[in-house]
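Source file: protein_22.tsv; contents: TSV, C-alpha atoms and all ligand atoms.
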```
chain	number	residue	atom	x	y	z
G	27	TYR	CA	0.00	0.00	0.00
G	28	VAL	CA	2.98	2.31	0.50
G	29	MET	CA	3.58	2.33	-3.27
G	30	TRP	CA	-0.10	3.19	-3.82
G	31	ILE	CA	0.09	6.13	-1.47
G	32	ILE	CA	3.32	7.37	-3.06
G	33	MET	CA	1.80	7.20	-6.54
G	34	ILE	CA	-1.40	8.95	-5.51
G	35	ALA	CA	0.51	11.66	-3.65
G	36	GLY	CA	2.93	12.05	-6.59
G	37	ALA	CA	0.02	12.49	-9.02
G	38	TYR	CA	-1.53	15.08	-6.71
G	39	VAL	CA	1.70	17.12	-6.50
G	40	LEU	CA	2.28	16.89	-10.27
G	41	GLY	CA	-1.34	17.89	-10.89
G	42	SER	CA	-0.83	20.88	-8.61
G	43	ILE	CA	1.68	22.54	-10.95
G	44	PRO	CA	-0.30	25.48	-12.38
G	45	PHE	CA	1.13	25.55	-15.91
G	46	GLY	CA	-1.45	28.03	-17.21
G	47	LEU	CA	-0.62	30.50	-14.45
G	48	LEU	CA	3.14	30.02	-14.94
G	49	ILE	CA	2.88	30.54	-18.70
G	50	ALA	CA	0.63	33.60	-18.47
G	51	LYS	CA	2.82	35.21	-15.81
G	52	SER	CA	6.18	34.38	-17.42
G	53	PHE	CA	5.41	34.94	-21.08
G	54	CYS	CA	2.74	37.61	-21.20
G	55	GLY	CA	2.98	39.29	-17.81
G	56	VAL	CA	-0.64	38.65	-16.90
G	57	ASP	CA	-2.18	37.01	-13.84
G	58	PRO	CA	-5.12	35.00	-15.21
G	59	ARG	CA	-6.63	34.82	-11.70
G	60	THR	CA	-7.45	38.52	-11.85
G	61	GLN	CA	-8.38	38.89	-15.53
G	62	GLY	CA	-10.79	37.36	-18.02
G	63	SER	CA	-12.76	34.58	-16.39
G	64	GLY	CA	-10.28	34.47	-13.50
G	65	ASN	CA	-9.39	30.86	-14.32
G	66	ILE	CA	-5.83	29.54	-14.68
G	67	GLY	CA	-6.68	27.15	-17.51
G	68	ALA	CA	-5.91	27.07	-21.22
G	69	THR	CA	-9.12	28.88	-22.24
G	70	ASN	CA	-8.38	31.93	-20.14
G	71	VAL	CA	-4.68	31.90	-21.05
G	72	ALA	CA	-5.69	31.86	-24.74
G	73	ARG	CA	-8.18	34.68	-24.06
G	74	LEU	CA	-5.53	36.85	-22.38
G	75	CYS	CA	-2.26	35.86	-24.06
G	76	GLY	CA	-3.22	34.45	-27.47
G	77	THR	CA	-4.07	31.03	-28.80
G	78	HIS	CA	-0.48	29.76	-28.90
G	79	TRP	CA	0.03	30.21	-25.16
G	80	GLY	CA	-3.38	28.68	-24.54
G	81	VAL	CA	-2.37	25.63	-26.55
G	82	ALA	CA	0.89	25.40	-24.60
G	83	ALA	CA	-1.02	25.53	-21.29
G	84	MET	CA	-3.43	22.91	-22.57
G	85	ILE	CA	-0.67	20.49	-23.60
G	86	LEU	CA	1.19	20.84	-20.29
G	87	ASP	CA	-2.02	20.50	-18.23
G	88	MET	CA	-2.93	17.42	-20.30
G	89	ALA	CA	0.50	15.93	-19.54
G	90	LYS	CA	-0.26	16.17	-15.79
G	91	GLY	CA	-3.04	13.65	-16.32
G	92	PHE	CA	-1.51	11.64	-19.14
G	93	LEU	CA	1.89	10.83	-17.62
G	94	PRO	CA	1.01	9.58	-14.11
G	95	VAL	CA	-1.87	7.51	-15.44
G	96	LEU	CA	0.28	6.01	-18.19
G	97	VAL	CA	3.00	5.11	-15.68
G	98	VAL	CA	0.70	3.27	-13.25
G	99	TRP	CA	-1.16	1.65	-16.16
G	100	GLN	CA	2.14	0.37	-17.61
G	101	LEU	CA	3.16	-0.91	-14.18
G	102	GLY	CA	0.10	-3.13	-14.37
G	103	ALA	CA	-2.02	-1.39	-11.73
G	104	GLU	CA	-5.68	-2.36	-11.54
G	105	THR	CA	-8.41	0.01	-12.61
G	106	ALA	CA	-9.14	1.10	-9.04
G	107	LEU	CA	-5.59	2.34	-8.48
G	108	VAL	CA	-5.39	3.90	-11.94
G	109	SER	CA	-8.66	5.72	-11.21
G	110	LEU	CA	-7.40	6.98	-7.86
G	111	VAL	CA	-4.14	8.22	-9.40
G	112	ALA	CA	-6.11	9.96	-12.18
G	113	PHE	CA	-8.46	11.61	-9.71
G	114	ALA	CA	-5.54	12.68	-7.52
G	115	ALA	CA	-3.97	14.47	-10.51
G	116	LEU	CA	-7.29	16.25	-11.10
G	117	LEU	CA	-7.63	17.23	-7.46
G	118	GLY	CA	-4.10	18.63	-7.63
G	119	HIS	CA	-5.06	20.78	-10.60
G	120	VAL	CA	-8.29	21.98	-8.98
G	121	TYR	CA	-7.06	22.29	-5.37
G	122	SER	CA	-3.36	23.01	-5.92
G	123	ILE	CA	-0.92	22.63	-3.07
G	124	PHE	CA	1.02	25.53	-4.62
G	125	LEU	CA	-1.99	27.90	-4.79
G	126	LYS	CA	-3.45	27.58	-1.29
G	127	PHE	CA	-5.79	24.88	-2.60
G	128	LYS	CA	-7.20	26.94	-5.43
G	129	GLY	CA	-6.85	25.97	-9.07
G	130	GLY	CA	-8.46	25.27	-12.40
G	131	LYS	CA	-11.51	23.59	-13.89
G	132	ALA	CA	-9.97	20.19	-14.69
G	133	VAL	CA	-10.79	19.94	-18.39
G	134	ALA	CA	-7.33	19.66	-19.99
G	135	THR	CA	-6.12	17.25	-17.30
G	136	THR	CA	-9.23	15.12	-17.88
G	137	LEU	CA	-8.38	14.98	-21.59
G	138	GLY	CA	-4.85	13.83	-20.73
G	139	ILE	CA	-6.13	11.11	-18.41
G	140	PHE	CA	-8.53	9.63	-20.93
G	141	ALA	CA	-6.11	10.07	-23.83
G	142	ALA	CA	-3.92	7.60	-21.93
G	143	LEU	CA	-6.67	5.21	-20.78
G	144	ALA	CA	-9.13	5.14	-23.66
G	145	PRO	CA	-7.82	7.21	-26.60
G	146	TRP	CA	-10.68	6.46	-29.01
G	147	HIS	CA	-13.39	7.20	-26.47
G	148	CYS	CA	-11.49	10.36	-25.56
G	149	LEU	CA	-11.33	11.38	-29.21
G	150	GLY	CA	-15.08	10.83	-29.54
G	151	ALA	CA	-15.77	12.99	-26.48
G	152	ALA	CA	-13.34	15.63	-27.77
G	153	ALA	CA	-15.31	15.68	-31.03
G	154	VAL	CA	-18.50	16.37	-29.04
G	155	CYS	CA	-16.62	19.17	-27.26
G	156	VAL	CA	-15.32	20.76	-30.46
G	157	ALA	CA	-18.75	20.52	-32.10
G	158	ALA	CA	-20.44	22.16	-29.09
G	159	ILE	CA	-17.88	24.98	-29.13
G	160	ALA	CA	-18.18	25.44	-32.89
G	161	VAL	CA	-21.98	25.63	-32.75
G	162	SER	CA	-22.41	27.67	-29.55
G	163	GLY	CA	-19.16	29.63	-29.34
G	164	TYR	CA	-18.80	28.71	-25.64
G	165	VAL	CA	-15.75	26.73	-24.52
G	166	SER	CA	-17.40	26.02	-21.18
G	167	LEU	CA	-20.37	24.36	-22.89
G	168	GLY	CA	-17.92	22.24	-24.88
G	169	SER	CA	-16.19	21.20	-21.65
G	170	LEU	CA	-19.52	20.16	-20.11
G	171	GLY	CA	-20.36	18.24	-23.29
G	172	LEU	CA	-16.99	16.51	-23.11
G	173	VAL	CA	-17.43	15.17	-19.60
G	174	THR	CA	-21.07	14.23	-20.28
G	175	ALA	CA	-20.15	12.27	-23.40
G	176	LEU	CA	-17.22	10.44	-21.80
G	177	PRO	CA	-19.07	8.12	-19.38
G	178	VAL	CA	-21.72	7.41	-22.03
G	179	LEU	CA	-19.13	6.47	-24.67
G	180	LEU	CA	-17.17	4.36	-22.17
G	181	ALA	CA	-20.33	2.52	-21.08
G	182	VAL	CA	-21.60	1.91	-24.61
G	183	PHE	CA	-18.28	1.01	-26.23
G	184	GLY	CA	-16.86	-1.62	-23.92
G	185	ARG	CA	-14.94	0.25	-21.21
G	186	ALA	CA	-17.46	0.09	-18.38
G	187	GLU	CA	-14.65	-0.30	-15.81
G	188	LEU	CA	-13.75	3.36	-16.39
G	189	VAL	CA	-17.29	4.68	-15.94
G	190	PRO	CA	-16.97	5.32	-12.15
G	191	LEU	CA	-13.89	7.50	-12.79
G	192	ALA	CA	-15.63	9.29	-15.67
G	193	LEU	CA	-18.70	10.01	-13.51
G	194	ALA	CA	-16.55	11.35	-10.67
G	195	VAL	CA	-14.71	13.53	-13.19
G	196	ALA	CA	-18.00	14.81	-14.63
G	197	ALA	CA	-19.23	15.73	-11.14
G	198	LEU	CA	-15.98	17.62	-10.41
G	199	VAL	CA	-15.98	19.43	-13.76
G	200	PHE	CA	-19.66	20.46	-13.45
G	201	TRP	CA	-18.99	21.70	-9.91
G	202	ARG	CA	-16.00	23.75	-11.11
G	203	HIS	CA	-18.07	25.23	-13.93
G	204	ARG	CA	-20.91	26.38	-11.71
G	205	GLU	CA	-20.14	30.05	-12.43
G	206	ASN	CA	-19.95	29.29	-16.17
G	207	ILE	CA	-23.28	27.43	-15.93
G	208	GLY	CA	-24.85	30.49	-14.27
G	209	ARG	CA	-23.50	32.73	-17.04
G	210	LEU	CA	-24.69	30.31	-19.74
G	211	ARG	CA	-28.19	30.28	-18.25
G	212	ARG	CA	-28.28	34.07	-18.09
G	213	GLY	CA	-26.86	34.37	-21.63
G	214	GLU	CA	-23.79	36.18	-20.24
G	215	GLU	CA	-21.02	33.68	-20.99
G	216	THR	CA	-18.09	35.01	-23.04
G	217	SER	CA	-17.92	33.61	-26.54
G	218	TRP	CA	-14.47	32.62	-27.83
G	219	ARG	CA	-15.30	34.53	-31.01
G	220	LYS	CA	-15.11	37.90	-29.24
G	221	ARG	CA	-12.09	38.25	-27.04
L	1	LIG	O1	-11.77	24.58	-19.47
L	1	LIG	C1	-12.30	25.71	-18.91
L	1	LIG	C2	-13.40	26.17	-19.82
L	1	LIG	O2	-14.40	25.20	-19.85
L	1	LIG	C3	-13.95	27.47	-19.38
L	1	LIG	O3	-12.92	28.38	-19.17
L	1	LIG	O4	-11.94	30.57	-18.70
L	1	LIG	O5	-14.09	30.42	-19.97
L	1	LIG	O6	-14.06	29.87	-17.54
L	1	LIG	P1	-13.27	29.89	-18.80
```

Once more with this new file: its structure as structure tokens, please.
Amino acid sequence: YVMWIIMIAGAYVLGSIPFGLLIAKSFCGVDPRTQGSGNIGATNVARLCGTHWGVAAMILDMAKGFLPVLVVWQLGAETALVSLVAFAALLGHVYSIFLKFKGGKAVATTLGIFAALAPWHCLGAAAVCVAAIAVSGYVSLGSLGLVTALPVLLAVFGRAELVPLALAVAALVFWRHRENIGRLRRGEETSWRKR
């Protein structure tokens, strides 16, 4: 069990690294916590610093989910441990040890986790996300579509063992988007088309 605890704690600390914040502060001199949506994630970094820095933040935040999950998966861990390591990485991102337990909305790290565990299902959910963003203009709506589609795709296409993780992820992501959901309902969410 000591190895389990080390892996879960390691994933949490790795997940805690706020790449979006570091990129925005270092490369465009902006604190994303005080501007735009106030979030440290790729969407807000793109909004404030340009798409390229947003993409960089997205890739690095994805890696925080992808790498720890891939390592424990390759070591032959069972689904329960893999799921705990994945969720620990997400909790790190959302409740970062380096940011007094504040953090992001968990979308990019979720993509990284499922890119490692179920790449085709992840691609399908990402397609739902992109379509929702393209049609509505709201990244947040795409993110909610992504985490809604994931458990459904996993359940329907033969990866039921990952559904508990996907449902926990969906709950966390919806919770973290509660301000976005309020803005969407009031028609006040910021479209990516107008920065
Ligand atoms: O991944 C976060 C996205 O869904 C919303 O970001 O900055 O518009 O709140 P933001």

_Best match for closeness to G:Ala141 among G:Phe124, G:Phe183, G:Tyr164, G:Phe92, counting all atoms listed in the file_ = G:Phe92

_G:Ile159 surroundings by only C-alpha atoms, 12 Å radius, close-in-sequence under 4 positions cut, as a PyMOL selection string_ = chain G and resi 69+152-155+163-172+216-219

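Atom CA of G:Ile85 is found 23.6 Å from atom CA of G:Lys126.
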
_Need to verify the contact set: stretch 47-53 of chain G, 7 Å, only C-alpha atoms, exclusion of same-chain residues closer than 5 positions in sequence. Can you return it as a ChimeraX atom specification?_
/G:58,66,71,75,83

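Atom C2 of ligand LIG 1 (chain L) sits 10.8 Å away from atom CA of G:Glu215.
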
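In this structure, atom C3 of ligand LIG 1 (chain L) sits 23.3 Å away from atom CA of G:Val189.
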
*Top pick for closest residue to ligand LIG 1 (chain L), considering G:Leu110, G:Leu96, G:Val195, G:Ile207 and counting all atoms listed in the file*: G:Ile207

*With distances taken over only C-alpha atoms and all ligand atoms, which of G:Leu86, G:Ala142, G:Ile123, G:Ala72 is nearest to ligand LIG 1 (chain L)?*
G:Ala72

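With all atoms listed in the file as the basis for measurement, G:Val178 is the residue among G:Ala134, G:Phe127, G:Val178, G:Phe45 that approaches G:Gly150 most closely.
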
*Top pick for closest residue to ligand LIG 1 (chain L), considering G:Val120, G:Ala197, G:Ala68, G:Ala181 and counting all atoms listed in the file*: G:Ala68

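The shortest atom-to-atom distance to G:Ala175, with all atoms listed in the file taken into account, belongs to G:Ala196 out of G:Ala89, G:Val39, G:Ala196, G:Leu116.
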
Edge lengths and centre in Å to one decimal, as AutoDock Vina command-line options, of the axis-aligned box that encloses all listed atoms of ligand LIG 1 (chain L) with 4 Å added on every side?
```
--center_x -13.1 --center_y 27.6 --center_z -18.8 --size_x 10.6 --size_y 14.0 --size_z 10.4
```

_I want to know what sits within 10 Å of G:Val108, based on all atoms listed in the file, with residues of the same chain fewer than 5 positions away left out; could you give that as a ChimeraX atom specification?_
/G:30,33-34,94-99,102-103,113-114,139,143,188,191

Have stretch 145-179 of chain G completed to N, CA and C atoms, please, and pass it along as a PDB file, in the frame of the given file.
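That gives us selection18.pdb:
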```
ATOM      1  N   PRO G 145      -8.025   6.132 -25.619  1.00  0.00           N
ATOM      2  CA  PRO G 145      -7.820   7.210 -26.600  1.00  0.00           C
ATOM      3  C   PRO G 145      -8.971   7.395 -27.581  1.00  0.00           C
ATOM      4  N   TRP G 146      -9.604   6.309 -28.022  1.00  0.00           N
ATOM      5  CA  TRP G 146     -10.680   6.460 -29.010  1.00  0.00           C
ATOM      6  C   TRP G 146     -11.922   7.069 -28.389  1.00  0.00           C
ATOM      7  N   HIS G 147     -12.250   6.621 -27.173  1.00  0.00           N
ATOM      8  CA  HIS G 147     -13.390   7.200 -26.470  1.00  0.00           C
ATOM      9  C   HIS G 147     -13.134   8.683 -26.200  1.00  0.00           C
ATOM     10  N   CYS G 148     -11.873   8.981 -25.851  1.00  0.00           N
ATOM     11  CA  CYS G 148     -11.490  10.360 -25.560  1.00  0.00           C
ATOM     12  C   CYS G 148     -11.630  11.218 -26.816  1.00  0.00           C
ATOM     13  N   LEU G 149     -11.214  10.660 -27.939  1.00  0.00           N
ATOM     14  CA  LEU G 149     -11.330  11.380 -29.210  1.00  0.00           C
ATOM     15  C   LEU G 149     -12.793  11.657 -29.537  1.00  0.00           C
ATOM     16  N   GLY G 150     -13.645  10.657 -29.296  1.00  0.00           N
ATOM     17  CA  GLY G 150     -15.080  10.830 -29.540  1.00  0.00           C
ATOM     18  C   GLY G 150     -15.649  11.949 -28.671  1.00  0.00           C
ATOM     19  N   ALA G 151     -15.281  11.947 -27.388  1.00  0.00           N
ATOM     20  CA  ALA G 151     -15.770  12.990 -26.480  1.00  0.00           C
ATOM     21  C   ALA G 151     -15.206  14.347 -26.876  1.00  0.00           C
ATOM     22  N   ALA G 152     -13.951  14.363 -27.324  1.00  0.00           N
ATOM     23  CA  ALA G 152     -13.340  15.630 -27.770  1.00  0.00           C
ATOM     24  C   ALA G 152     -14.073  16.157 -28.992  1.00  0.00           C
ATOM     25  N   ALA G 153     -14.545  15.255 -29.846  1.00  0.00           N
ATOM     26  CA  ALA G 153     -15.310  15.680 -31.030  1.00  0.00           C
ATOM     27  C   ALA G 153     -16.618  16.338 -30.600  1.00  0.00           C
ATOM     28  N   VAL G 154     -17.277  15.770 -29.580  1.00  0.00           N
ATOM     29  CA  VAL G 154     -18.500  16.370 -29.040  1.00  0.00           C
ATOM     30  C   VAL G 154     -18.181  17.783 -28.520  1.00  0.00           C
ATOM     31  N   CYS G 155     -17.050  17.891 -27.828  1.00  0.00           N
ATOM     32  CA  CYS G 155     -16.620  19.170 -27.260  1.00  0.00           C
ATOM     33  C   CYS G 155     -16.391  20.210 -28.358  1.00  0.00           C
ATOM     34  N   VAL G 156     -15.634  19.825 -29.370  1.00  0.00           N
ATOM     35  CA  VAL G 156     -15.320  20.760 -30.460  1.00  0.00           C
ATOM     36  C   VAL G 156     -16.602  21.173 -31.181  1.00  0.00           C
ATOM     37  N   ALA G 157     -17.497  20.208 -31.411  1.00  0.00           N
ATOM     38  CA  ALA G 157     -18.750  20.520 -32.100  1.00  0.00           C
ATOM     39  C   ALA G 157     -19.580  21.499 -31.270  1.00  0.00           C
ATOM     40  N   ALA G 158     -19.652  21.264 -29.956  1.00  0.00           N
ATOM     41  CA  ALA G 158     -20.440  22.160 -29.090  1.00  0.00           C
ATOM     42  C   ALA G 158     -19.852  23.567 -29.096  1.00  0.00           C
ATOM     43  N   ILE G 159     -18.519  23.649 -29.106  1.00  0.00           N
ATOM     44  CA  ILE G 159     -17.880  24.980 -29.130  1.00  0.00           C
ATOM     45  C   ILE G 159     -18.131  25.658 -30.472  1.00  0.00           C
ATOM     46  N   ALA G 160     -18.006  24.873 -31.551  1.00  0.00           N
ATOM     47  CA  ALA G 160     -18.180  25.440 -32.890  1.00  0.00           C
ATOM     48  C   ALA G 160     -19.599  25.973 -33.070  1.00  0.00           C
ATOM     49  N   VAL G 161     -20.576  25.225 -32.569  1.00  0.00           N
ATOM     50  CA  VAL G 161     -21.980  25.630 -32.750  1.00  0.00           C
ATOM     51  C   VAL G 161     -22.341  26.782 -31.821  1.00  0.00           C
ATOM     52  N   SER G 162     -21.944  26.687 -30.537  1.00  0.00           N
ATOM     53  CA  SER G 162     -22.410  27.670 -29.550  1.00  0.00           C
ATOM     54  C   SER G 162     -21.456  28.843 -29.386  1.00  0.00           C
ATOM     55  N   GLY G 163     -20.162  28.595 -29.610  1.00  0.00           N
ATOM     56  CA  GLY G 163     -19.160  29.630 -29.340  1.00  0.00           C
ATOM     57  C   GLY G 163     -18.657  29.624 -27.902  1.00  0.00           C
ATOM     58  N   TYR G 164     -19.189  28.718 -27.055  1.00  0.00           N
ATOM     59  CA  TYR G 164     -18.800  28.710 -25.640  1.00  0.00           C
ATOM     60  C   TYR G 164     -17.901  27.518 -25.316  1.00  0.00           C
ATOM     61  N   VAL G 165     -16.669  27.804 -24.887  1.00  0.00           N
ATOM     62  CA  VAL G 165     -15.750  26.730 -24.520  1.00  0.00           C
ATOM     63  C   VAL G 165     -16.290  25.954 -23.316  1.00  0.00           C
ATOM     64  N   SER G 166     -16.891  26.689 -22.381  1.00  0.00           N
ATOM     65  CA  SER G 166     -17.400  26.020 -21.180  1.00  0.00           C
ATOM     66  C   SER G 166     -18.469  24.986 -21.538  1.00  0.00           C
ATOM     67  N   LEU G 167     -19.332  25.317 -22.483  1.00  0.00           N
ATOM     68  CA  LEU G 167     -20.370  24.360 -22.890  1.00  0.00           C
ATOM     69  C   LEU G 167     -19.723  23.131 -23.531  1.00  0.00           C
ATOM     70  N   GLY G 168     -18.667  23.359 -24.312  1.00  0.00           N
ATOM     71  CA  GLY G 168     -17.920  22.240 -24.880  1.00  0.00           C
ATOM     72  C   GLY G 168     -17.341  21.350 -23.799  1.00  0.00           C
ATOM     73  N   SER G 169     -16.779  21.972 -22.747  1.00  0.00           N
ATOM     74  CA  SER G 169     -16.190  21.200 -21.650  1.00  0.00           C
ATOM     75  C   SER G 169     -17.245  20.345 -20.956  1.00  0.00           C
ATOM     76  N   LEU G 170     -18.439  20.918 -20.757  1.00  0.00           N
ATOM     77  CA  LEU G 170     -19.520  20.160 -20.110  1.00  0.00           C
ATOM     78  C   LEU G 170     -19.981  19.031 -21.020  1.00  0.00           C
ATOM     79  N   GLY G 171     -20.013  19.294 -22.326  1.00  0.00           N
ATOM     80  CA  GLY G 171     -20.360  18.240 -23.290  1.00  0.00           C
ATOM     81  C   GLY G 171     -19.331  17.116 -23.268  1.00  0.00           C
ATOM     82  N   LEU G 172     -18.080  17.494 -23.170  1.00  0.00           N
ATOM     83  CA  LEU G 172     -16.990  16.510 -23.110  1.00  0.00           C
ATOM     84  C   LEU G 172     -17.169  15.532 -21.963  1.00  0.00           C
ATOM     85  N   VAL G 173     -17.367  16.055 -20.764  1.00  0.00           N
ATOM     86  CA  VAL G 173     -17.430  15.170 -19.600  1.00  0.00           C
ATOM     87  C   VAL G 173     -18.781  14.450 -19.492  1.00  0.00           C
ATOM     88  N   THR G 174     -19.789  14.944 -20.214  1.00  0.00           N
ATOM     89  CA  THR G 174     -21.070  14.230 -20.280  1.00  0.00           C
ATOM     90  C   THR G 174     -20.956  13.059 -21.252  1.00  0.00           C
ATOM     91  N   ALA G 175     -20.282  13.310 -22.373  1.00  0.00           N
ATOM     92  CA  ALA G 175     -20.150  12.270 -23.400  1.00  0.00           C
ATOM     93  C   ALA G 175     -19.241  11.124 -22.947  1.00  0.00           C
ATOM     94  N   LEU G 176     -18.221  11.459 -22.171  1.00  0.00           N
ATOM     95  CA  LEU G 176     -17.220  10.440 -21.800  1.00  0.00           C
ATOM     96  C   LEU G 176     -17.810   9.194 -21.134  1.00  0.00           C
ATOM     97  N   PRO G 177     -18.554   9.343 -20.025  1.00  0.00           N
ATOM     98  CA  PRO G 177     -19.070   8.120 -19.380  1.00  0.00           C
ATOM     99  C   PRO G 177     -20.031   7.348 -20.288  1.00  0.00           C
ATOM    100  N   VAL G 178     -20.782   8.076 -21.116  1.00  0.00           N
ATOM    101  CA  VAL G 178     -21.720   7.410 -22.030  1.00  0.00           C
ATOM    102  C   VAL G 178     -20.937   6.574 -23.051  1.00  0.00           C
ATOM    103  N   LEU G 179     -19.929   7.182 -23.662  1.00  0.00           N
ATOM    104  CA  LEU G 179     -19.130   6.470 -24.670  1.00  0.00           C
ATOM    105  C   LEU G 179     -18.417   5.271 -24.051  1.00  0.00           C
TER     106      LEU G 179
END
```
